[in-house]
Amino acid sequence: MRTSPILALLALSFFATSARAQSDDDGMYFTLSFGGTTTDSVDPPGLQGVEYDTGVSFSAGLGLPITRTGSVRWSLEGEWYTSFTKMRPRSQALFPGTKEDTARASAFLLNLAAECPLATDLQLYAAGGVGFAPALEFDTMDSGNYRQLDRDGTVVQAKIGLRYALGRNYDVTLGYRYFTSDGLDVQNLTTSQIDNVNYTNQVIEVGFRWGI
């Protein structure tokens, strides 16, 4: 699993959160986000550099502030994340006889998030999370001469971005998400070779948060 970007972003989480954290509103909150998503290339048995176009992602979550460290507010978040991308045509040509070309993920995660004020209405936020994905699917790797033997697994993620307070109970965010799975076994039926691949998304997303 490629974890170096995750470790770098998690290190930043010790410096993160929201300007609205300076208000006395420390209740639960609800989040929604929408993103443009890239799925990292994968190397199934016998092939290298199978690439995917930009796709879409969506997430929804509930958060609860738990403590403060100076000006930094820490929260626990439960989140559902899903994404959908399609294989690039030049990679699709590597799989003759199949028209399958999609990759999709769906996961539930628990995040530790931090928010740190940068200005009156502007905050830096960061989060790291771990969870379980009941669906991690490369459709092309389960057709023709290939079989995807693992369709679920453990996932981790890191997020970082800026949050702007539009009102006491409403924020808008612009951020980056790195999401990756543990290795998923894929078999080449012709050679019987089994290799593992990671389902990895890199996302630029816009989000919204409401106090509840």
# chains A, B, ... in the order shown; residues from 1 in each chain; ligands from 1

$ select_by_dssp --residues "chain A" --states "strand (DSSP E)" --output "VMD selection string"
chain A and resid 29 to 39 55 to 69 72 to 86 102 to 117 122 to 138 146 to 148 153 to 167 170 to 181 184 to 188 194 to 197 200 to 211

$ residues_around --residues "segment 83-97 of chain A" --least-positions-apart "4" --cutoff "10 Å" --atoms "only C-alpha atoms" --output "PDB file with N, CA and C atoms, in the first residue's frame"
ATOM      1  N   PHE A  34     -18.565  16.968  -2.652  1.00  0.00           N
ATOM      2  CA  PHE A  34     -18.603  16.486  -4.032  1.00  0.00           C
ATOM      3  C   PHE A  34     -17.230  16.750  -4.637  1.00  0.00           C
ATOM      4  N   GLY A  35     -16.695  15.766  -5.389  1.00  0.00           N
ATOM      5  CA  GLY A  35     -15.344  15.934  -5.884  1.00  0.00           C
ATOM      6  C   GLY A  35     -15.112  15.457  -7.298  1.00  0.00           C
ATOM      7  N   GLY A  36     -14.036  15.978  -7.886  1.00  0.00           N
ATOM      8  CA  GLY A  36     -13.471  15.444  -9.113  1.00  0.00           C
ATOM      9  C   GLY A  36     -12.357  14.489  -8.725  1.00  0.00           C
ATOM     10  N   THR A  37     -12.423  13.247  -9.217  1.00  0.00           N
ATOM     11  CA  THR A  37     -11.630  12.152  -8.658  1.00  0.00           C
ATOM     12  C   THR A  37     -10.771  11.482  -9.722  1.00  0.00           C
ATOM     13  N   THR A  38      -9.511  11.241  -9.392  1.00  0.00           N
ATOM     14  CA  THR A  38      -8.673  10.398 -10.234  1.00  0.00           C
ATOM     15  C   THR A  38      -8.415   9.091  -9.491  1.00  0.00           C
ATOM     16  N   THR A  39      -8.436   7.990 -10.219  1.00  0.00           N
ATOM     17  CA  THR A  39      -8.072   6.687  -9.678  1.00  0.00           C
ATOM     18  C   THR A  39      -6.682   6.344 -10.178  1.00  0.00           C
ATOM     19  N   SER A  41      -3.327   4.547 -11.443  1.00  0.00           N
ATOM     20  CA  SER A  41      -3.151   3.408 -12.341  1.00  0.00           C
ATOM     21  C   SER A  41      -2.860   2.140 -11.549  1.00  0.00           C
ATOM     22  N   LEU A  47       0.136  -7.051 -16.949  1.00  0.00           N
ATOM     23  CA  LEU A  47      -0.027  -5.722 -17.527  1.00  0.00           C
ATOM     24  C   LEU A  47       0.526  -4.664 -16.575  1.00  0.00           C
ATOM     25  N   GLN A  48       0.857  -3.494 -17.137  1.00  0.00           N
ATOM     26  CA  GLN A  48       1.334  -2.389 -16.322  1.00  0.00           C
ATOM     27  C   GLN A  48       0.672  -1.094 -16.762  1.00  0.00           C
ATOM     28  N   GLY A  49       0.411  -0.226 -15.800  1.00  0.00           N
ATOM     29  CA  GLY A  49      -0.061   1.116 -16.099  1.00  0.00           C
ATOM     30  C   GLY A  49      -1.453   1.192 -16.690  1.00  0.00           C
ATOM     31  N   VAL A  50      -2.403   0.408 -16.158  1.00  0.00           N
ATOM     32  CA  VAL A  50      -3.799   0.539 -16.582  1.00  0.00           C
ATOM     33  C   VAL A  50      -4.349   1.818 -15.953  1.00  0.00           C
ATOM     34  N   GLU A  51      -4.794   2.756 -16.795  1.00  0.00           N
ATOM     35  CA  GLU A  51      -5.118   4.106 -16.334  1.00  0.00           C
ATOM     36  C   GLU A  51      -6.610   4.405 -16.410  1.00  0.00           C
ATOM     37  N   TYR A  52      -7.028   5.374 -15.577  1.00  0.00           N
ATOM     38  CA  TYR A  52      -8.437   5.750 -15.479  1.00  0.00           C
ATOM     39  C   TYR A  52      -8.602   7.249 -15.680  1.00  0.00           C
ATOM     40  N   ASP A  53      -9.740   7.638 -16.281  1.00  0.00           N
ATOM     41  CA  ASP A  53     -10.074   9.045 -16.472  1.00  0.00           C
ATOM     42  C   ASP A  53     -10.533   9.659 -15.146  1.00  0.00           C
ATOM     43  N   THR A  54     -10.710  10.980 -15.177  1.00  0.00           N
ATOM     44  CA  THR A  54     -11.259  11.675 -14.016  1.00  0.00           C
ATOM     45  C   THR A  54     -12.714  11.268 -13.821  1.00  0.00           C
ATOM     46  N   GLY A  55     -13.083  10.985 -12.573  1.00  0.00           N
ATOM     47  CA  GLY A  55     -14.447  10.603 -12.256  1.00  0.00           C
ATOM     48  C   GLY A  55     -15.051  11.520 -11.212  1.00  0.00           C
ATOM     49  N   VAL A  56     -16.002  10.990 -10.468  1.00  0.00           N
ATOM     50  CA  VAL A  56     -16.710  11.800  -9.481  1.00  0.00           C
ATOM     51  C   VAL A  56     -16.724  11.071  -8.142  1.00  0.00           C
ATOM     52  N   SER A  57     -16.880  11.845  -7.068  1.00  0.00           N
ATOM     53  CA  SER A  57     -17.008  11.264  -5.737  1.00  0.00           C
ATOM     54  C   SER A  57     -18.046  12.034  -4.942  1.00  0.00           C
ATOM     55  N   PHE A  58     -18.521  11.384  -3.887  1.00  0.00           N
ATOM     56  CA  PHE A  58     -19.507  11.992  -2.992  1.00  0.00           C
ATOM     57  C   PHE A  58     -19.269  11.451  -1.596  1.00  0.00           C
ATOM     58  N   SER A  59     -19.464  12.295  -0.592  1.00  0.00           N
ATOM     59  CA  SER A  59     -19.356  11.814   0.781  1.00  0.00           C
ATOM     60  C   SER A  59     -20.365  12.539   1.658  1.00  0.00           C
ATOM     61  N   ASP A 101     -15.515  -1.144 -18.163  1.00  0.00           N
ATOM     62  CA  ASP A 101     -14.487  -0.098 -18.088  1.00  0.00           C
ATOM     63  C   ASP A 101     -14.583   0.766 -16.836  1.00  0.00           C
ATOM     64  N   THR A 102     -15.340   0.356 -15.827  1.00  0.00           N
ATOM     65  CA  THR A 102     -15.558   1.214 -14.668  1.00  0.00           C
ATOM     66  C   THR A 102     -14.808   0.702 -13.432  1.00  0.00           C
ATOM     67  N   ALA A 103     -14.553   1.645 -12.532  1.00  0.00           N
ATOM     68  CA  ALA A 103     -14.017   1.340 -11.203  1.00  0.00           C
ATOM     69  C   ALA A 103     -14.855   2.119 -10.206  1.00  0.00           C
ATOM     70  N   ARG A 104     -15.218   1.475  -9.100  1.00  0.00           N
ATOM     71  CA  ARG A 104     -16.069   2.140  -8.118  1.00  0.00           C
ATOM     72  C   ARG A 104     -15.689   1.701  -6.711  1.00  0.00           C
ATOM     73  N   ALA A 105     -15.931   2.599  -5.765  1.00  0.00           N
ATOM     74  CA  ALA A 105     -15.654   2.309  -4.359  1.00  0.00           C
ATOM     75  C   ALA A 105     -16.787   2.822  -3.502  1.00  0.00           C
ATOM     76  N   SER A 106     -17.013   2.157  -2.376  1.00  0.00           N
ATOM     77  CA  SER A 106     -17.963   2.609  -1.373  1.00  0.00           C
ATOM     78  C   SER A 106     -17.414   2.194  -0.020  1.00  0.00           C
ATOM     79  N   ALA A 107     -17.303   3.161   0.920  1.00  0.00           N
ATOM     80  CA  ALA A 107     -16.636   2.869   2.177  1.00  0.00           C
ATOM     81  C   ALA A 107     -17.229   3.656   3.333  1.00  0.00           C
ATOM     82  N   LEU A 136     -15.140  -2.468  -3.487  1.00  0.00           N
ATOM     83  CA  LEU A 136     -13.941  -1.951  -4.159  1.00  0.00           C
ATOM     84  C   LEU A 136     -13.824  -2.741  -5.451  1.00  0.00           C
ATOM     85  N   GLU A 137     -14.297  -2.182  -6.548  1.00  0.00           N
ATOM     86  CA  GLU A 137     -14.505  -2.983  -7.750  1.00  0.00           C
ATOM     87  C   GLU A 137     -13.855  -2.362  -8.982  1.00  0.00           C
ATOM     88  N   PHE A 138     -12.993  -3.141  -9.611  1.00  0.00           N
ATOM     89  CA  PHE A 138     -12.489  -2.836 -10.949  1.00  0.00           C
ATOM     90  C   PHE A 138     -13.227  -3.779 -11.895  1.00  0.00           C
ATOM     91  N   ASP A 139     -14.260  -3.283 -12.564  1.00  0.00           N
ATOM     92  CA  ASP A 139     -15.097  -4.166 -13.380  1.00  0.00           C
ATOM     93  C   ASP A 139     -14.297  -4.904 -14.449  1.00  0.00           C
ATOM     94  N   THR A 140     -13.317  -4.224 -15.044  1.00  0.00           N
ATOM     95  CA  THR A 140     -12.525  -4.852 -16.104  1.00  0.00           C
ATOM     96  C   THR A 140     -11.715  -6.013 -15.553  1.00  0.00           C
ATOM     97  N   MET A 141     -11.327  -5.928 -14.273  1.00  0.00           N
ATOM     98  CA  MET A 141     -10.527  -6.995 -13.660  1.00  0.00           C
ATOM     99  C   MET A 141     -11.393  -8.177 -13.241  1.00  0.00           C
ATOM    100  N   SER A 143     -13.612  -9.627 -15.659  1.00  0.00           N
ATOM    101  CA  SER A 143     -14.215  -9.992 -16.941  1.00  0.00           C
ATOM    102  C   SER A 143     -13.114 -10.512 -17.858  1.00  0.00           C
ATOM    103  N   GLY A 144     -13.504 -11.121 -18.959  1.00  0.00           N
ATOM    104  CA  GLY A 144     -12.516 -11.631 -19.902  1.00  0.00           C
ATOM    105  C   GLY A 144     -11.575 -12.626 -19.248  1.00  0.00           C
ATOM    106  N   ASN A 145     -10.265 -12.371 -19.359  1.00  0.00           N
ATOM    107  CA  ASN A 145      -9.254 -13.276 -18.823  1.00  0.00           C
ATOM    108  C   ASN A 145      -8.864 -12.965 -17.378  1.00  0.00           C
ATOM    109  N   TYR A 146      -9.598 -12.060 -16.721  1.00  0.00           N
ATOM    110  CA  TYR A 146      -9.234 -11.649 -15.363  1.00  0.00           C
ATOM    111  C   TYR A 146     -10.374 -11.902 -14.386  1.00  0.00           C
ATOM    112  N   ASN A 201      -7.787   6.679  -4.715  1.00  0.00           N
ATOM    113  CA  ASN A 201      -8.383   7.902  -5.253  1.00  0.00           C
ATOM    114  C   ASN A 201      -7.624   9.119  -4.741  1.00  0.00           C
ATOM    115  N   VAL A 203      -8.566  13.218  -4.764  1.00  0.00           N
ATOM    116  CA  VAL A 203      -9.798  13.968  -4.983  1.00  0.00           C
ATOM    117  C   VAL A 203      -9.590  15.445  -4.651  1.00  0.00           C
TER     118      VAL A 203
END

$ select_by_dssp --residues "segment 53-168 of chain A" --states "helix (DSSP H, G or I)" --output "JSON, numbers by chain"
{"A": [89, 90, 91, 92, 139, 140, 141, 142]}

$ residues_around --residues "Leu64 of chain A" --least-positions-apart "6" --cutoff "6 Å" --atoms "only C-alpha atoms" --output "list in words"
Met28, Ser75 and Leu76 of chain A

$ write_last_selection --atoms "N, CA and C atoms" --output "PDB file, in the first residue's frame"
ATOM      1  N   MET A  28     -22.817  19.011  17.388  1.00  0.00           N
ATOM      2  CA  MET A  28     -22.647  18.112  16.248  1.00  0.00           C
ATOM      3  C   MET A  28     -22.830  18.862  14.933  1.00  0.00           C
ATOM      4  N   SER A  75     -12.232  16.765  16.503  1.00  0.00           N
ATOM      5  CA  SER A  75     -13.547  16.135  16.344  1.00  0.00           C
ATOM      6  C   SER A  75     -13.398  14.703  15.865  1.00  0.00           C
ATOM      7  N   LEU A  76     -14.406  13.895  16.177  1.00  0.00           N
ATOM      8  CA  LEU A  76     -14.551  12.569  15.590  1.00  0.00           C
ATOM      9  C   LEU A  76     -15.654  12.629  14.547  1.00  0.00           C
TER      10      LEU A  76
END

$ residues_around --residues "Gly175 of chain A" --least-positions-apart "5" --cutoff "10 Å" --atoms "only C-alpha atoms" --output "VMD selection string"
chain A and resid 33 35 124 to 126 159 to 163 203 to 207

$ atom_distance --atom1 "atom CA of Tyr164 of chain A" --atom2 "atom CA of Thr180 of chain A"
27.3 Å

$ closest_residue --among "A:Gly183, A:Gly167, A:Gly70, A:Gly131" --to "Asp150 of chain A" --atoms "only C-alpha atoms"
A:Gly183

$ atom_distance --atom1 "atom CA of Asp43 of chain A" --atom2 "atom CA of Ala158 of chain A"
23.5 Å

$ atom_distance --atom1 "atom CA of Ala127 of chain A" --atom2 "atom CA of Asp171 of chain A"
16.4 Å

$ closest_residue --among "A:Thr173, A:Thr67, A:Thr31, A:Ser181" --to "Tyr199 of chain A" --atoms "only C-alpha atoms"
A:Ser181

$ closest_residue --among "A:Gln123, A:Thr82, A:Thr191, A:Asn169" --to "Gly211 of chain A" --atoms "only C-alpha atoms"
A:Asn169
